[in-house]
Amino acid sequence: MKRRETGFTLVELLVAMAILGIIFMLVTNWQVSTLNISARTNALSLRLSELNDVTGYVGDRVRSALEVRTSGFTVNKGSAPNGGQCDTVTPCLAVLVPVEEANVSGPALVYKQSFLQLIYRMEPRSTWSASDEDKVPDTWADNAANNVMLLREYYARCTLTVTECRNTFRNTTDFSGMNRYLVSDYLTSVDQSGGTITPFDAVFDAKKKTGTVTLRFQGKQNVRGTTYFIPPTGPYTLTVQARNWQYWQ
């Protein structure tokens, strides 16, 4: 008796390959979707943590400030973006902060007081050149139309007496020759509803002889083709009392 050979027909093979292709496509799409969700979650979590750190950092400076200013001056007029202006395009917060440094003098430590002139300035990321601090290339963030900002700290030291440093800080109209450092990236000047964000708001209470500064920061980032605001409902806001601020500029 002749033995009959068994196997798959061409049609059966084609059907099996089609089914395997569909399964492979579904698995691939699921993996891509999972990776996208993971990347977005990690990026947004990191940005929210950074916002918290930045707000706390600037807030700590404000708490110990002797003087606070938000207008009436420029910073590094000849080199800073927007001509060093402090306006709605590049808002500023200037604080005068006392610091003490310990120096060894013989067998004893000698504490010497000086004062930091610090200016926090929001600047469009589109003005940030590769020759500045280490810049991460980002075509989307560097497009001025996306309103992505960075926060810089401008820094100088005053070694005069407290009265002289305060008078200098109050009366200076152009803080020039200041060093600058990047504090935060991927901030925005416009919130999710299209409203302008005021990052620095200083109010002096003449009756209580003290002042408060409100900080407002919101992140904005494009992750895998989708734009996110962090927090999604509006700027991260912190109101800080400047305990030593006794004069209104």
# chains A, B, ... in the order shown; residues from 1 in each chain; ligands from 1
call {"tool": "residues_around", "arguments": {"residues": "stretch 215-232 of chain A", "least_positions_apart": "3", "cutoff": "8 Å", "atoms": "only C-alpha atoms", "output": "NGL selection string"}}
result
:A and (36 or 39-40 or 43-44 or 47-48 or 51 or 55 or 59 or 140-141 or 148 or 186-189 or 191-192 or 197-201 or 235-240)
call {"tool": "select_by_dssp", "arguments": {"residues": "stretch 6-246 of chain A", "states": "helix (DSSP H, G or I)", "output": "PyMOL selection string"}}
result
chain A and resi 10-63+81-84+125-127+144-146+162-171
call {"tool": "select_by_dssp", "arguments": {"residues": "stretch 93-244 of chain A", "states": "strand (DSSP E)", "output": "ChimeraX atom specification"}}
result
/A:93-105,108-124,148-158,174-175,179-188,200-205,210-217,219-223,226-230,236-242
call {"tool": "closest_residue", "arguments": {"among": "A:Arg63, A:Ser45, A:Thr172, A:Leu150", "to": "A:Lys135", "atoms": "only C-alpha atoms"}}
result
A:Leu150
call {"tool": "atom_distance", "arguments": {"atom1": "atom CA of A:Gln117", "atom2": "atom CA of A:Thr168"}}
result
10.0 Å
call {"tool": "atom_distance", "arguments": {"atom1": "atom CA of A:Thr214", "atom2": "atom CA of A:Phe169"}}
result
20.7 Å
call {"tool": "residues_around", "arguments": {"residues": "A:Arg166", "least_positions_apart": "3", "cutoff": "9 Å", "atoms": "only C-alpha atoms", "output": "count of residues only"}}
result
9
call {"tool": "residues_around", "arguments": {"residues": "A:Arg152", "least_positions_apart": "4", "cutoff": "9 Å", "atoms": "only C-alpha atoms", "output": "list in words"}}
result
Ile119, Tyr120, Arg121, Met122, Glu123, Arg180, Tyr181, Leu182, Val183, Ser184 and Asp185 of chain A
call {"tool": "closest_residue", "arguments": {"among": "A:Thr9, A:Ser131, A:Ser114, A:Thr173", "to": "A:Thr74", "atoms": "only C-alpha atoms"}}
result
A:Thr173
call {"tool": "atom_distance", "arguments": {"atom1": "atom CA of A:Asn244", "atom2": "atom CA of A:Ala65"}}
result
6.0 Å
call {"tool": "closest_residue", "arguments": {"among": "A:Gln113, A:Thr28, A:Asn179, A:Ser64", "to": "A:Ala80", "atoms": "only C-alpha atoms"}}
result
A:Asn179
call {"tool": "residues_around", "arguments": {"residues": "A:Arg157", "least_positions_apart": "4", "cutoff": "10 Å", "atoms": "only C-alpha atoms", "output": "list in words"}}
result
Leu96, Val97, Pro98, Val99, Ser114, Phe115, Leu116, Gln117, Leu118, Cys165 and Met178 of chain A
call {"tool": "decode", "arguments": {"residues": "stretch 81-101 of chain A", "atoms": "N, CA, C and O atoms", "output": "PDB file, in the first residue's frame"}}
result
ATOM      1  N   PRO A  81      20.913  88.792  26.215  1.00  0.00           N
ATOM      2  CA  PRO A  81      19.801  88.881  25.264  1.00  0.00           C
ATOM      3  C   PRO A  81      18.844  90.025  25.602  1.00  0.00           C
ATOM      4  O   PRO A  81      18.720  90.415  26.765  1.00  0.00           O
ATOM      5  N   ASN A  82      18.218  90.573  24.584  1.00  0.00           N
ATOM      6  CA  ASN A  82      17.240  91.657  24.744  1.00  0.00           C
ATOM      7  C   ASN A  82      17.891  92.895  25.370  1.00  0.00           C
ATOM      8  O   ASN A  82      17.247  93.653  26.099  1.00  0.00           O
ATOM      9  N   GLY A  83      19.179  93.087  25.069  1.00  0.00           N
ATOM     10  CA  GLY A  83      19.883  94.264  25.557  1.00  0.00           C
ATOM     11  C   GLY A  83      19.978  94.341  27.065  1.00  0.00           C
ATOM     12  O   GLY A  83      20.162  95.425  27.624  1.00  0.00           O
ATOM     13  N   GLY A  84      19.845  93.191  27.730  1.00  0.00           N
ATOM     14  CA  GLY A  84      19.937  93.176  29.179  1.00  0.00           C
ATOM     15  C   GLY A  84      18.730  93.750  29.892  1.00  0.00           C
ATOM     16  O   GLY A  84      18.752  93.917  31.118  1.00  0.00           O
ATOM     17  N   GLN A  85      17.663  94.043  29.146  1.00  0.00           N
ATOM     18  CA  GLN A  85      16.471  94.647  29.738  1.00  0.00           C
ATOM     19  C   GLN A  85      15.759  93.682  30.689  1.00  0.00           C
ATOM     20  O   GLN A  85      15.815  92.470  30.529  1.00  0.00           O
ATOM     21  N   CYS A  86      15.081  94.266  31.662  1.00  0.00           N
ATOM     22  CA  CYS A  86      14.196  93.499  32.543  1.00  0.00           C
ATOM     23  C   CYS A  86      12.779  93.954  32.261  1.00  0.00           C
ATOM     24  O   CYS A  86      12.345  95.010  32.745  1.00  0.00           O
ATOM     25  N   ASP A  87      12.076  93.203  31.445  1.00  0.00           N
ATOM     26  CA  ASP A  87      10.742  93.590  30.997  1.00  0.00           C
ATOM     27  C   ASP A  87       9.889  92.339  30.835  1.00  0.00           C
ATOM     28  O   ASP A  87      10.227  91.278  31.371  1.00  0.00           O
ATOM     29  N   THR A  88       8.797  92.449  30.085  1.00  0.00           N
ATOM     30  CA  THR A  88       7.911  91.295  29.921  1.00  0.00           C
ATOM     31  C   THR A  88       8.535  90.196  29.064  1.00  0.00           C
ATOM     32  O   THR A  88       8.141  89.033  29.149  1.00  0.00           O
ATOM     33  N   VAL A  89       9.517  90.563  28.231  1.00  0.00           N
ATOM     34  CA  VAL A  89      10.186  89.569  27.387  1.00  0.00           C
ATOM     35  C   VAL A  89      11.204  88.779  28.199  1.00  0.00           C
ATOM     36  O   VAL A  89      11.302  87.549  28.097  1.00  0.00           O
ATOM     37  N   THR A  90      11.969  89.485  29.020  1.00  0.00           N
ATOM     38  CA  THR A  90      12.988  88.857  29.866  1.00  0.00           C
ATOM     39  C   THR A  90      12.831  89.379  31.295  1.00  0.00           C
ATOM     40  O   THR A  90      13.574  90.269  31.732  1.00  0.00           O
ATOM     41  N   PRO A  91      11.869  88.847  32.051  1.00  0.00           N
ATOM     42  CA  PRO A  91      11.628  89.305  33.427  1.00  0.00           C
ATOM     43  C   PRO A  91      12.815  89.001  34.342  1.00  0.00           C
ATOM     44  O   PRO A  91      13.532  88.013  34.145  1.00  0.00           O
ATOM     45  N   CYS A  92      12.995  89.852  35.367  1.00  0.00           N
ATOM     46  CA  CYS A  92      14.121  89.701  36.282  1.00  0.00           C
ATOM     47  C   CYS A  92      13.677  89.766  37.741  1.00  0.00           C
ATOM     48  O   CYS A  92      12.666  90.387  38.076  1.00  0.00           O
ATOM     49  N   LEU A  93      14.467  89.131  38.568  1.00  0.00           N
ATOM     50  CA  LEU A  93      14.339  89.263  40.016  1.00  0.00           C
ATOM     51  C   LEU A  93      15.745  89.430  40.573  1.00  0.00           C
ATOM     52  O   LEU A  93      16.583  88.544  40.444  1.00  0.00           O
ATOM     53  N   ALA A  94      16.007  90.594  41.176  1.00  0.00           N
ATOM     54  CA  ALA A  94      17.323  90.871  41.751  1.00  0.00           C
ATOM     55  C   ALA A  94      17.228  90.835  43.271  1.00  0.00           C
ATOM     56  O   ALA A  94      16.296  91.395  43.853  1.00  0.00           O
ATOM     57  N   VAL A  95      18.187  90.173  43.908  1.00  0.00           N
ATOM     58  CA  VAL A  95      18.219  90.089  45.372  1.00  0.00           C
ATOM     59  C   VAL A  95      19.640  90.340  45.858  1.00  0.00           C
ATOM     60  O   VAL A  95      20.617  89.978  45.193  1.00  0.00           O
ATOM     61  N   LEU A  96      19.743  90.973  47.009  1.00  0.00           N
ATOM     62  CA  LEU A  96      21.027  91.180  47.670  1.00  0.00           C
ATOM     63  C   LEU A  96      21.052  90.272  48.895  1.00  0.00           C
ATOM     64  O   LEU A  96      20.232  90.413  49.804  1.00  0.00           O
ATOM     65  N   VAL A  97      21.999  89.331  48.898  1.00  0.00           N
ATOM     66  CA  VAL A  97      22.019  88.286  49.918  1.00  0.00           C
ATOM     67  C   VAL A  97      23.325  88.336  50.708  1.00  0.00           C
ATOM     68  O   VAL A  97      24.413  88.331  50.113  1.00  0.00           O
ATOM     69  N   PRO A  98      23.262  88.384  52.044  1.00  0.00           N
ATOM     70  CA  PRO A  98      24.483  88.351  52.848  1.00  0.00           C
ATOM     71  C   PRO A  98      25.053  86.937  52.940  1.00  0.00           C
ATOM     72  O   PRO A  98      24.315  85.963  53.016  1.00  0.00           O
ATOM     73  N   VAL A  99      26.374  86.840  52.917  1.00  0.00           N
ATOM     74  CA  VAL A  99      27.045  85.555  53.074  1.00  0.00           C
ATOM     75  C   VAL A  99      28.247  85.745  53.996  1.00  0.00           C
ATOM     76  O   VAL A  99      28.813  86.831  54.086  1.00  0.00           O
ATOM     77  N   GLU A 100      28.614  84.688  54.687  1.00  0.00           N
ATOM     78  CA  GLU A 100      29.790  84.708  55.542  1.00  0.00           C
ATOM     79  C   GLU A 100      30.752  83.627  55.086  1.00  0.00           C
ATOM     80  O   GLU A 100      30.342  82.504  54.782  1.00  0.00           O
ATOM     81  N   GLU A 101      32.030  83.979  55.052  1.00  0.00           N
ATOM     82  CA  GLU A 101      33.052  83.024  54.658  1.00  0.00           C
ATOM     83  C   GLU A 101      34.064  82.890  55.782  1.00  0.00           C
ATOM     84  O   GLU A 101      34.470  83.880  56.396  1.00  0.00           O
TER      85      GLU A 101
END
